[in-house]
file input.tsv (TSV, C-alpha atoms)
chain	number	residue	atom	x	y	z
A	6	MET	CA	26.05	-143.52	167.22
A	7	ASP	CA	23.83	-142.73	170.18
A	8	VAL	CA	21.36	-139.90	169.80
A	9	ILE	CA	21.49	-137.28	172.58
A	10	ASP	CA	18.22	-135.82	173.76
A	11	LEU	CA	19.07	-132.12	174.04
A	12	GLN	CA	15.76	-131.28	175.74
A	13	SER	CA	16.49	-133.75	178.55
A	14	VAL	CA	19.97	-132.36	179.02
A	15	THR	CA	18.59	-128.83	179.18
A	16	ALA	CA	15.92	-129.85	181.64
A	17	VAL	CA	18.46	-131.47	183.94
A	18	ALA	CA	20.80	-128.52	183.68
A	19	GLU	CA	18.07	-126.06	184.50
A	20	SER	CA	16.41	-127.98	187.36
A	21	PRO	CA	16.55	-125.89	190.53
A	22	LYS	CA	18.90	-126.96	193.27
A	23	PRO	CA	17.42	-127.49	196.73
A	24	VAL	CA	17.75	-124.36	198.87
A	25	ALA	CA	19.48	-124.95	202.18
A	26	GLN	CA	17.28	-123.92	205.09
A	27	PRO	CA	18.87	-121.62	207.66
A	28	LYS	CA	20.00	-123.58	210.68
A	29	ALA	CA	18.05	-122.81	213.84
A	30	LYS	CA	20.02	-120.96	216.50
A	31	ALA	CA	21.15	-122.90	219.53
A	32	LEU	CA	19.17	-122.20	222.68
A	33	ARG	CA	22.24	-120.63	224.28
A	34	GLN	CA	22.50	-118.11	221.44
A	35	LEU	CA	18.89	-116.92	221.40
A	36	GLY	CA	18.05	-113.31	222.05
A	37	ILE	CA	15.34	-111.98	224.35
A	38	ASN	CA	11.85	-110.74	223.58
A	39	LEU	CA	12.40	-107.00	223.89
A	40	ASN	CA	8.71	-106.24	224.36
A	41	HIS	CA	8.78	-106.89	228.10
A	42	TRP	CA	9.74	-104.89	231.18
A	43	TYR	CA	13.22	-105.68	232.50
A	44	VAL	CA	14.86	-104.51	235.73
A	45	VAL	CA	17.99	-102.40	235.26
A	46	ALA	CA	18.59	-101.00	238.75
A	47	GLN	CA	17.38	-100.70	242.30
A	48	SER	CA	15.74	-97.38	243.11
A	49	THR	CA	18.51	-96.67	245.62
A	50	GLU	CA	21.14	-97.02	242.89
A	51	LEU	CA	19.65	-94.22	240.81
A	52	THR	CA	20.64	-90.68	241.82
A	53	ASP	CA	21.29	-87.35	240.12
A	54	LYS	CA	24.45	-88.90	238.66
A	55	PRO	CA	24.42	-90.94	235.42
A	56	LEU	CA	24.14	-94.71	235.83
A	57	ALA	CA	25.33	-96.90	232.96
A	58	ARG	CA	23.54	-100.16	232.16
A	59	THR	CA	23.46	-102.53	229.20
A	60	LEU	CA	20.31	-104.46	228.29
A	61	TRP	CA	20.79	-106.97	225.50
A	62	HIS	CA	23.55	-105.10	223.64
A	63	GLN	CA	21.85	-101.72	224.16
A	64	PRO	CA	24.00	-99.29	226.20
A	65	ILE	CA	21.63	-97.18	228.30
A	66	VAL	CA	22.22	-94.34	230.73
A	67	LEU	CA	19.77	-93.63	233.55
A	68	TYR	CA	19.47	-90.64	235.86
A	69	ARG	CA	16.99	-88.66	237.93
A	70	ASN	CA	15.75	-85.30	236.65
A	71	SER	CA	15.20	-82.23	238.81
A	72	GLN	CA	11.88	-83.68	240.03
A	73	GLY	CA	13.52	-86.97	241.01
A	74	GLN	CA	11.90	-88.91	238.16
A	75	ALA	CA	13.79	-91.68	236.39
A	76	VAL	CA	15.00	-90.97	232.84
A	77	ALA	CA	16.55	-93.49	230.43
A	78	VAL	CA	18.25	-92.67	227.11
A	79	GLU	CA	20.84	-94.37	224.94
A	80	ASP	CA	24.35	-94.06	226.33
A	81	ARG	CA	25.88	-92.37	223.30
A	82	CYS	CA	26.55	-88.77	222.46
A	83	PRO	CA	25.72	-88.36	218.74
A	84	HIS	CA	28.47	-85.76	218.41
A	85	ARG	CA	31.55	-87.99	218.87
A	86	GLN	CA	29.94	-91.29	219.96
A	87	VAL	CA	31.34	-91.19	223.50
A	88	LYS	CA	29.41	-92.42	226.54
A	89	LEU	CA	27.01	-89.93	228.09
A	90	SER	CA	27.27	-91.88	231.35
A	91	GLU	CA	30.73	-90.30	231.77
A	92	GLY	CA	29.08	-86.88	231.99
A	93	THR	CA	26.94	-84.98	234.50
A	94	ILE	CA	23.32	-83.98	235.10
A	95	GLU	CA	22.34	-80.32	234.74
A	96	GLY	CA	18.76	-79.83	235.90
A	97	ASP	CA	16.69	-82.12	233.67
A	98	ASN	CA	19.42	-82.61	231.07
A	99	ILE	CA	22.39	-84.94	230.74
A	100	THR	CA	25.67	-83.28	229.75
A	101	CYS	CA	28.39	-84.97	227.73
A	102	ALA	CA	31.79	-84.98	229.41
A	103	TYR	CA	33.65	-84.34	226.14
A	104	HIS	CA	32.29	-81.06	224.73
A	105	GLY	CA	29.46	-80.20	227.12
A	106	TRP	CA	26.59	-80.93	224.76
A	107	GLN	CA	23.33	-81.27	226.68
A	108	PHE	CA	20.39	-83.52	225.91
A	109	ALA	CA	16.87	-83.24	227.28
A	110	PRO	CA	14.90	-86.21	228.71
A	111	ASN	CA	13.06	-86.49	225.36
A	112	GLY	CA	16.39	-87.09	223.60
A	113	THR	CA	16.71	-83.77	221.79
A	114	CYS	CA	19.86	-81.66	221.85
A	115	ALA	CA	19.11	-78.82	224.29
A	116	HIS	CA	22.36	-76.84	224.56
A	117	ILE	CA	25.87	-76.53	223.08
A	118	PRO	CA	28.19	-74.18	225.02
A	119	TYR	CA	30.05	-72.89	221.96
A	120	LEU	CA	27.10	-72.57	219.55
A	121	GLU	CA	27.58	-69.44	217.43
A	122	PRO	CA	24.70	-66.95	216.98
A	123	GLN	CA	24.09	-67.91	213.36
A	124	GLN	CA	24.11	-71.63	214.12
A	125	LYS	CA	21.15	-73.79	215.08
A	126	LEU	CA	21.09	-76.74	217.41
A	127	PRO	CA	21.54	-79.99	215.47
A	128	THR	CA	18.49	-82.18	215.01
A	129	CYS	CA	20.21	-85.35	216.23
A	130	THR	CA	18.23	-87.13	218.93
A	131	LEU	CA	18.90	-89.88	221.42
A	132	ARG	CA	16.73	-92.95	221.67
A	133	THR	CA	14.59	-92.77	224.81
A	134	TYR	CA	13.17	-95.71	226.75
A	135	PRO	CA	9.91	-96.11	228.67
A	136	VAL	CA	10.83	-96.46	232.33
A	137	LYS	CA	8.88	-97.07	235.55
A	138	GLU	CA	9.95	-96.87	239.15
A	139	MET	CA	8.00	-99.48	241.05
A	140	ASP	CA	8.44	-101.74	244.10
A	141	GLY	CA	11.96	-100.58	244.81
A	142	PHE	CA	13.30	-101.09	241.27
A	143	ILE	CA	13.73	-99.31	237.94
A	144	TRP	CA	11.87	-101.18	235.19
A	145	LEU	CA	12.75	-100.47	231.55
A	146	PHE	CA	11.00	-101.43	228.30
A	147	PRO	CA	13.61	-101.91	225.52
A	148	GLY	CA	11.20	-102.89	222.73
A	149	GLU	CA	8.62	-100.95	220.74
A	150	ALA	CA	7.72	-97.98	222.92
A	151	ASP	CA	4.11	-97.96	221.70
A	152	LEU	CA	3.62	-101.39	223.27
A	153	ALA	CA	4.89	-100.45	226.73
A	154	ASP	CA	1.45	-99.55	228.10
A	155	GLN	CA	0.02	-102.86	226.88
A	156	VAL	CA	2.48	-104.93	228.95
A	157	LYS	CA	2.51	-104.95	232.74
A	158	PRO	CA	5.73	-105.26	234.73
A	159	MET	CA	5.85	-108.32	236.97
A	160	GLY	CA	5.92	-106.25	240.16
A	161	VAL	CA	7.16	-107.11	243.64
A	162	PRO	CA	4.35	-106.13	246.06
A	163	GLU	CA	6.22	-107.58	249.06
A	164	PHE	CA	9.02	-105.01	248.72
A	165	ASP	CA	7.21	-102.27	250.68
A	166	HIS	CA	4.68	-104.49	252.46
A	167	LEU	CA	5.15	-104.37	256.23
A	168	ASN	CA	4.42	-108.10	256.57
A	169	PHE	CA	7.56	-109.09	254.64
A	170	ILE	CA	11.25	-108.79	255.52
A	171	GLY	CA	13.34	-108.59	252.36
A	172	SER	CA	16.94	-109.30	251.36
A	173	VAL	CA	18.60	-108.59	248.00
A	174	ALA	CA	21.66	-109.95	246.22
A	175	VAL	CA	23.01	-109.15	242.75
A	176	ILE	CA	23.75	-111.95	240.30
A	177	ASP	CA	26.41	-111.08	237.71
A	178	VAL	CA	27.30	-114.16	235.71
A	179	GLN	CA	29.23	-114.73	232.49
A	180	SER	CA	26.62	-116.97	230.90
A	181	HIS	CA	23.53	-116.93	228.72
A	182	TYR	CA	20.34	-116.05	230.59
A	183	SER	CA	18.84	-119.46	229.81
A	184	PHE	CA	21.40	-121.14	232.08
A	185	LEU	CA	20.31	-118.93	234.99
A	186	ILE	CA	16.56	-119.42	234.54
A	187	GLU	CA	17.03	-123.17	234.23
A	188	ASN	CA	19.06	-123.16	237.44
A	189	LEU	CA	16.27	-121.29	239.23
A	190	MET	CA	13.58	-123.63	237.93
A	191	ASP	CA	15.65	-126.73	238.81
A	192	MET	CA	14.64	-127.96	242.26
A	193	TYR	CA	16.98	-130.94	242.04
A	194	HIS	CA	20.31	-129.17	242.53
A	195	GLY	CA	20.04	-128.68	246.30
A	196	HIS	CA	23.09	-130.91	246.78
A	197	LEU	CA	25.20	-127.99	245.54
A	198	HIS	CA	24.21	-125.68	248.41
A	199	GLY	CA	24.55	-128.02	251.39
A	200	GLY	CA	23.65	-126.33	254.67
A	201	ALA	CA	22.46	-123.14	252.96
A	202	GLN	CA	19.65	-124.97	251.18
A	203	VAL	CA	16.13	-123.92	252.22
A	204	TRP	CA	14.20	-126.92	250.87
A	205	ALA	CA	14.77	-130.64	250.50
A	206	ASN	CA	13.31	-133.78	248.90
A	207	ALA	CA	11.43	-132.00	246.11
A	208	VAL	CA	9.18	-134.21	243.96
A	209	LEU	CA	7.52	-132.77	240.85
A	210	ALA	CA	3.75	-133.05	241.38
A	211	GLY	CA	2.38	-130.78	238.66
A	212	LEU	CA	3.49	-128.82	235.60
A	213	GLU	CA	1.66	-126.13	233.64
A	214	ALA	CA	2.98	-124.17	230.68
A	215	ASP	CA	1.75	-121.79	227.97
A	216	GLU	CA	3.27	-119.13	225.72
A	217	ASN	CA	3.91	-116.78	228.66
A	218	HIS	CA	4.79	-118.85	231.70
A	219	VAL	CA	5.85	-122.16	233.22
A	220	HIS	CA	4.60	-123.23	236.66
A	221	ALA	CA	6.08	-126.26	238.40
A	222	HIS	CA	4.56	-127.51	241.66
A	223	TYR	CA	6.65	-129.70	243.94
A	224	ASP	CA	5.87	-131.61	247.10
A	225	ALA	CA	8.85	-130.74	249.27
A	226	GLU	CA	10.13	-130.12	252.77
A	227	SER	CA	11.41	-126.93	254.37
A	228	TYR	CA	14.20	-126.61	256.90
A	229	TYR	CA	12.77	-123.42	258.38
A	230	ARG	CA	9.59	-122.53	260.24
A	231	ILE	CA	8.92	-118.84	260.84
A	232	ASP	CA	6.51	-118.83	263.77
A	233	LYS	CA	8.52	-117.56	266.75
A	234	ILE	CA	10.30	-114.30	267.47
A	235	TRP	CA	13.58	-116.22	267.66
A	236	SER	CA	12.99	-118.01	264.32
A	237	ALA	CA	15.71	-115.95	262.68
A	238	THR	CA	18.31	-117.75	264.78
A	239	GLN	CA	17.75	-120.80	262.55
A	240	LEU	CA	19.93	-119.02	260.01
A	241	LEU	CA	22.87	-119.17	262.40
A	242	ILE	CA	22.22	-122.41	264.31
A	243	PRO	CA	21.61	-125.37	261.96
A	244	ALA	CA	20.56	-127.62	264.86
A	245	LEU	CA	17.36	-125.56	265.20
A	246	ARG	CA	16.23	-126.42	261.68
A	247	LYS	CA	13.66	-129.21	261.46
A	248	LEU	CA	12.41	-130.61	258.16
A	249	HIS	CA	8.65	-130.44	257.69
A	250	PRO	CA	6.40	-130.75	254.60
A	251	GLU	CA	5.76	-127.56	252.63
A	252	PRO	CA	4.49	-126.99	249.06
A	253	LEU	CA	7.13	-125.55	246.73
A	254	ASP	CA	6.05	-123.65	243.61
A	255	VAL	CA	8.34	-122.10	241.01
A	256	TYR	CA	7.19	-119.83	238.19
A	257	TYR	CA	8.85	-118.52	235.05
A	258	TYR	CA	6.74	-115.48	234.19
A	259	TYR	CA	8.82	-114.51	231.16
A	260	PRO	CA	11.27	-112.86	231.54
A	261	HIS	CA	11.38	-113.08	235.36
A	262	TRP	CA	11.19	-115.81	238.02
A	263	MET	CA	9.29	-116.25	241.28
A	264	SER	CA	8.91	-119.02	243.84
A	265	THR	CA	7.03	-119.70	247.07
A	266	LEU	CA	7.88	-122.17	249.82
A	267	GLY	CA	4.83	-122.69	252.00
A	268	GLU	CA	3.53	-119.49	253.57
A	269	ASP	CA	6.86	-118.33	254.97
A	270	PHE	CA	9.08	-117.56	251.98
A	271	LYS	CA	8.77	-115.84	248.63
A	272	ILE	CA	11.71	-115.38	246.27
A	273	TYR	CA	12.12	-113.42	243.03
A	274	CYS	CA	14.78	-113.13	240.38
A	275	LEU	CA	14.49	-110.04	238.17
A	276	PHE	CA	16.43	-110.30	234.91
A	277	CYS	CA	18.58	-107.90	232.91
A	278	PRO	CA	20.25	-110.02	230.17
A	279	ILE	CA	23.29	-108.18	228.80
A	280	SER	CA	24.47	-110.40	225.96
A	281	GLU	CA	24.67	-114.03	224.83
A	282	THR	CA	27.36	-114.64	227.46
A	283	HIS	CA	26.57	-112.15	230.23
A	284	THR	CA	23.55	-111.90	232.52
A	285	ARG	CA	22.75	-109.56	235.37
A	286	ALA	CA	19.85	-110.10	237.77
A	287	TYR	CA	18.53	-109.22	241.21
A	288	LEU	CA	17.72	-112.06	243.60
A	289	LEU	CA	15.15	-111.11	246.25
A	290	HIS	CA	14.22	-113.17	249.31
A	291	PHE	CA	11.17	-112.31	251.44
A	292	THR	CA	10.29	-113.80	254.81
A	293	SER	CA	6.62	-113.48	255.74
A	294	LEU	CA	5.52	-112.25	259.16
A	295	GLY	CA	2.05	-113.64	258.58
A	296	ARG	CA	2.35	-116.07	261.49
A	297	PHE	CA	2.74	-113.20	263.99
A	298	PRO	CA	-0.81	-111.79	264.41
A	299	LYS	CA	0.10	-109.68	267.46
A	300	LEU	CA	2.80	-107.94	265.48
A	301	HIS	CA	0.24	-106.77	262.93
A	302	LYS	CA	-1.68	-104.91	265.64
A	303	THR	CA	1.30	-102.77	266.64
A	304	PRO	CA	1.59	-99.16	265.35
A	305	GLU	CA	2.82	-98.81	261.78
A	306	ALA	CA	5.91	-96.92	262.92
A	307	VAL	CA	6.95	-99.89	265.05
A	308	ARG	CA	6.35	-102.34	262.23
A	309	ARG	CA	8.31	-100.12	259.83
A	310	PHE	CA	11.23	-100.00	262.28
A	311	PHE	CA	11.14	-103.79	262.62
A	312	LYS	CA	11.09	-104.24	258.83
A	313	ASN	CA	13.97	-101.80	258.26
A	314	ALA	CA	16.04	-103.29	261.09
A	315	PHE	CA	15.94	-106.77	259.57
A	316	THR	CA	16.09	-105.84	255.87
A	317	ASN	CA	18.94	-107.73	254.16
A	318	SER	CA	19.35	-109.97	257.22
A	319	ALA	CA	19.47	-112.99	254.88
A	320	SER	CA	21.80	-111.42	252.34
A	321	PHE	CA	24.83	-113.42	253.49
A	322	VAL	CA	22.93	-116.64	252.71
A	323	LEU	CA	21.83	-115.31	249.33
A	324	ARG	CA	25.38	-114.32	248.43
A	325	ARG	CA	26.61	-117.82	249.22
A	326	LEU	CA	23.90	-119.37	247.04
A	327	VAL	CA	24.76	-116.95	244.24
A	328	ARG	CA	28.50	-117.72	244.41
A	329	GLU	CA	27.88	-121.46	244.22
A	330	ASP	CA	25.39	-121.18	241.37
A	331	VAL	CA	27.54	-118.74	239.38
A	332	LEU	CA	30.44	-121.20	239.47
A	333	MET	CA	28.24	-123.88	237.88
A	334	LEU	CA	26.61	-121.55	235.34
A	335	GLU	CA	29.92	-120.23	234.06
A	336	GLN	CA	31.22	-123.77	233.67
A	337	GLU	CA	28.11	-124.60	231.65
A	338	GLN	CA	28.73	-121.60	229.40
A	339	GLN	CA	32.39	-122.51	228.95
A	340	ALA	CA	31.42	-126.08	228.04
A	341	PHE	CA	28.91	-124.80	225.47
A	342	ASP	CA	31.48	-122.44	223.95
A	343	ALA	CA	33.93	-125.33	223.61
A	344	ASN	CA	31.38	-127.68	222.04
A	345	PRO	CA	28.16	-125.95	220.89
A	346	ALA	CA	26.89	-129.08	219.12
A	347	TYR	CA	26.81	-131.20	222.27
A	348	LYS	CA	23.37	-131.72	223.78
A	349	GLY	CA	23.29	-133.62	227.04
A	350	PRO	CA	20.32	-135.69	228.24
A	351	GLU	CA	17.69	-133.76	230.21
A	352	LEU	CA	15.32	-135.68	232.51
A	353	ASN	CA	13.68	-132.69	234.21
A	354	ARG	CA	10.38	-131.99	232.44
A	355	THR	CA	10.27	-128.51	233.94
A	356	LEU	CA	13.45	-127.48	232.16
A	357	THR	CA	12.18	-128.86	228.86
A	358	ALA	CA	9.12	-126.60	229.23
A	359	VAL	CA	11.37	-123.63	230.12
A	360	GLN	CA	13.47	-124.14	227.01
A	361	GLN	CA	10.35	-124.27	224.84
A	362	LEU	CA	9.10	-121.00	226.34
A	363	ILE	CA	12.45	-119.30	225.69
A	364	ARG	CA	12.30	-120.36	222.05
A	365	GLN	CA	8.71	-119.14	221.67
A	366	GLN	CA	9.47	-115.73	223.19
A	367	ALA	CA	12.72	-115.28	221.26
A	368	ALA	CA	10.81	-115.86	218.01
A	369	GLN	CA	8.34	-113.04	218.69

call {"tool": "encode", "arguments": {"input": "input.tsv", "output": "structure tokens"}}
result
Amino acid sequence: MDVIDLQSVTAVAESPKPVAQPKAKALRQLGINLNHWYVVAQSTELTDKPLARTLWHQPIVLYRNSQGQAVAVEDRCPHRQVKLSEGTIEGDNITCAYHGWQFAPNGTCAHIPYLEPQQKLPTCTLRTYPVKEMDGFIWLFPGEADLADQVKPMGVPEFDHLNFIGSVAVIDVQSHYSFLIENLMDMYHGHLHGGAQVWANAVLAGLEADENHVHAHYDAESYYRIDKIWSATQLLIPALRKLHPEPLDVYYYYPHWMSTLGEDFKIYCLFCPISETHTRAYLLHFTSLGRFPKLHKTPEAVRRFFKNAFTNSASFVLRRLVREDVLMLEQEQQAFDANPAYKGPELNRTLTAVQQLIRQQAAQ
């Protein structure tokens, strides 16, 4: 009869099983780093009426107080959980549409119409958000409020500068924000836009990346030259466009994007990711008047009139670009949803760097 070694049996029985490591999230499911300034509205969109926005699953209501300052609090009445954005503004306070409860800009309950004499105001408070109005936009910090002063918003100095004519378009796309930023950093998809494309023949000439940004430099050509009063007609008459060499630089300053094409054009995209499958952003296009020295000597009132008269003159081109890109981005999202495990080949080194930056920031 064989002798059984009970100690060996016990040792085998008690040996720990390997612990399965949690599977890393797919890039298209990663969240955002909340400790940055995001853009939730244009200044012109914010009035004395509540404005509802969502920033990465956080419903937020914005409004202007009696002094015209921007206020941002969570879009939820703690009484019955309804949206405060359905209500009204009374002086500095926001009033719930349901029962008329009022909340002050600091989030505290300030007034209840039917409060009885022996009752006290409840201590429930709304979450408040640091907010800045700067360069024509409302910037909001959704992370740890104590860190807001340590982080600078990207800023758009060209917005009010008299040497730049600006145009704005809204991007509202049913896709993860990573698809949009990759599209913006991808200088090889010009074929999609045909005659609306500003640049051509981009060749990657340099790439820099760290934990906060990616900068790709391309040798490229531009269809437009802004050096004559009638240069704007190139937008309407393609025959006037002549390709000429211009440096093309694109930057992902997390969480926003910026690019320059020579000295004539500067473009921004300011992000407001809503969820894993919904992204909102503002696309800004600026044309420089730097090549018109005589214009800079005219009175400021004249220059201001000229700037205002041509503001949004390129919006119809931007809207076309946005429509074409949105179609592609939503197809990418749909393909990911259908097969999350599929990972296609990527030959663009810039996009590989962008993906790495997204992962680094999402982990913070």

call {"tool": "atom_distance", "arguments": {"input": "input.tsv", "atom1": "CA of Val178 in chain A", "atom2": "CA of Tyr287 in chain A"}}
result
11.5 Å

call {"tool": "residues_near_point", "arguments": {"input": "input.tsv", "point": "(26.0, -85.5, 223.0)", "cutoff": "12 Å", "atoms": "all atoms listed in the file", "output": "JSON, numbers by chain"}}
result
{"A": [78, 79, 80, 81, 82, 83, 84, 85, 86, 87, 88, 89, 90, 91, 92, 93, 98, 99, 100, 101, 102, 103, 104, 105, 106, 107, 108, 109, 112, 113, 114, 115, 116, 117, 118, 126, 127, 128, 129, 130, 131, 132]}

call {"tool": "write_last_selection", "arguments": {"input": "input.tsv", "atoms": "C-alpha atoms", "output": "PDB file, keeping the file's coordinate frame"}}
result
ATOM      1  CA  VAL A  78      18.250 -92.670 227.110  1.00  0.00           C
ATOM      2  CA  GLU A  79      20.840 -94.370 224.940  1.00  0.00           C
ATOM      3  CA  ASP A  80      24.350 -94.060 226.330  1.00  0.00           C
ATOM      4  CA  ARG A  81      25.880 -92.370 223.300  1.00  0.00           C
ATOM      5  CA  CYS A  82      26.550 -88.770 222.460  1.00  0.00           C
ATOM      6  CA  PRO A  83      25.720 -88.360 218.740  1.00  0.00           C
ATOM      7  CA  HIS A  84      28.470 -85.760 218.410  1.00  0.00           C
ATOM      8  CA  ARG A  85      31.550 -87.990 218.870  1.00  0.00           C
ATOM      9  CA  GLN A  86      29.940 -91.290 219.960  1.00  0.00           C
ATOM     10  CA  VAL A  87      31.340 -91.190 223.500  1.00  0.00           C
ATOM     11  CA  LYS A  88      29.410 -92.420 226.540  1.00  0.00           C
ATOM     12  CA  LEU A  89      27.010 -89.930 228.090  1.00  0.00           C
ATOM     13  CA  SER A  90      27.270 -91.880 231.350  1.00  0.00           C
ATOM     14  CA  GLU A  91      30.730 -90.300 231.770  1.00  0.00           C
ATOM     15  CA  GLY A  92      29.080 -86.880 231.990  1.00  0.00           C
ATOM     16  CA  THR A  93      26.940 -84.980 234.500  1.00  0.00           C
ATOM     17  CA  ASN A  98      19.420 -82.610 231.070  1.00  0.00           C
ATOM     18  CA  ILE A  99      22.390 -84.940 230.740  1.00  0.00           C
ATOM     19  CA  THR A 100      25.670 -83.280 229.750  1.00  0.00           C
ATOM     20  CA  CYS A 101      28.390 -84.970 227.730  1.00  0.00           C
ATOM     21  CA  ALA A 102      31.790 -84.980 229.410  1.00  0.00           C
ATOM     22  CA  TYR A 103      33.650 -84.340 226.140  1.00  0.00           C
ATOM     23  CA  HIS A 104      32.290 -81.060 224.730  1.00  0.00           C
ATOM     24  CA  GLY A 105      29.460 -80.200 227.120  1.00  0.00           C
ATOM     25  CA  TRP A 106      26.590 -80.930 224.760  1.00  0.00           C
ATOM     26  CA  GLN A 107      23.330 -81.270 226.680  1.00  0.00           C
ATOM     27  CA  PHE A 108      20.390 -83.520 225.910  1.00  0.00           C
ATOM     28  CA  ALA A 109      16.870 -83.240 227.280  1.00  0.00           C
ATOM     29  CA  GLY A 112      16.390 -87.090 223.600  1.00  0.00           C
ATOM     30  CA  THR A 113      16.710 -83.770 221.790  1.00  0.00           C
ATOM     31  CA  CYS A 114      19.860 -81.660 221.850  1.00  0.00           C
ATOM     32  CA  ALA A 115      19.110 -78.820 224.290  1.00  0.00           C
ATOM     33  CA  HIS A 116      22.360 -76.840 224.560  1.00  0.00           C
ATOM     34  CA  ILE A 117      25.870 -76.530 223.080  1.00  0.00           C
ATOM     35  CA  PRO A 118      28.190 -74.180 225.020  1.00  0.00           C
ATOM     36  CA  LEU A 126      21.090 -76.740 217.410  1.00  0.00           C
ATOM     37  CA  PRO A 127      21.540 -79.990 215.470  1.00  0.00           C
ATOM     38  CA  THR A 128      18.490 -82.180 215.010  1.00  0.00           C
ATOM     39  CA  CYS A 129      20.210 -85.350 216.230  1.00  0.00           C
ATOM     40  CA  THR A 130      18.230 -87.130 218.930  1.00  0.00           C
ATOM     41  CA  LEU A 131      18.900 -89.880 221.420  1.00  0.00           C
ATOM     42  CA  ARG A 132      16.730 -92.950 221.670  1.00  0.00           C
TER      43      ARG A 132
END

call {"tool": "closest_residue", "arguments": {"input": "input.tsv", "among": "A:Ser227, A:Thr303, A:Asn217, A:Thr282", "to": "Leu266 in chain A", "atoms": "all atoms listed in the file"}}
result
A:Ser227

call {"tool": "closest_residue", "arguments": {"input": "input.tsv", "among": "A:Arg33, A:Arg309, A:Arg325, A:Lys302", "to": "Leu288 in chain A", "atoms": "only C-alpha atoms"}}
result
A:Arg325

call {"tool": "closest_residue", "arguments": {"input": "input.tsv", "among": "A:Asn70, A:Ser183, A:Gln124, A:Asn313", "to": "Val359 in chain A", "atoms": "only C-alpha atoms"}}
result
A:Ser183

call {"tool": "residues_around", "arguments": {"input": "input.tsv", "residues": "Val175 in chain A", "least_positions_apart": "2", "cutoff": "10 Å", "atoms": "all atoms listed in the file", "output": "MDAnalysis selection string"}}
result
chainID A and resid 173 177:178 274:275 285:289 320 323:324 327

call {"tool": "closest_residue", "arguments": {"input": "input.tsv", "among": "A:Ile272, A:Leu197, A:Val255, A:Ala225", "to": "Thr292 in chain A", "atoms": "all atoms listed in the file"}}
result
A:Ile272
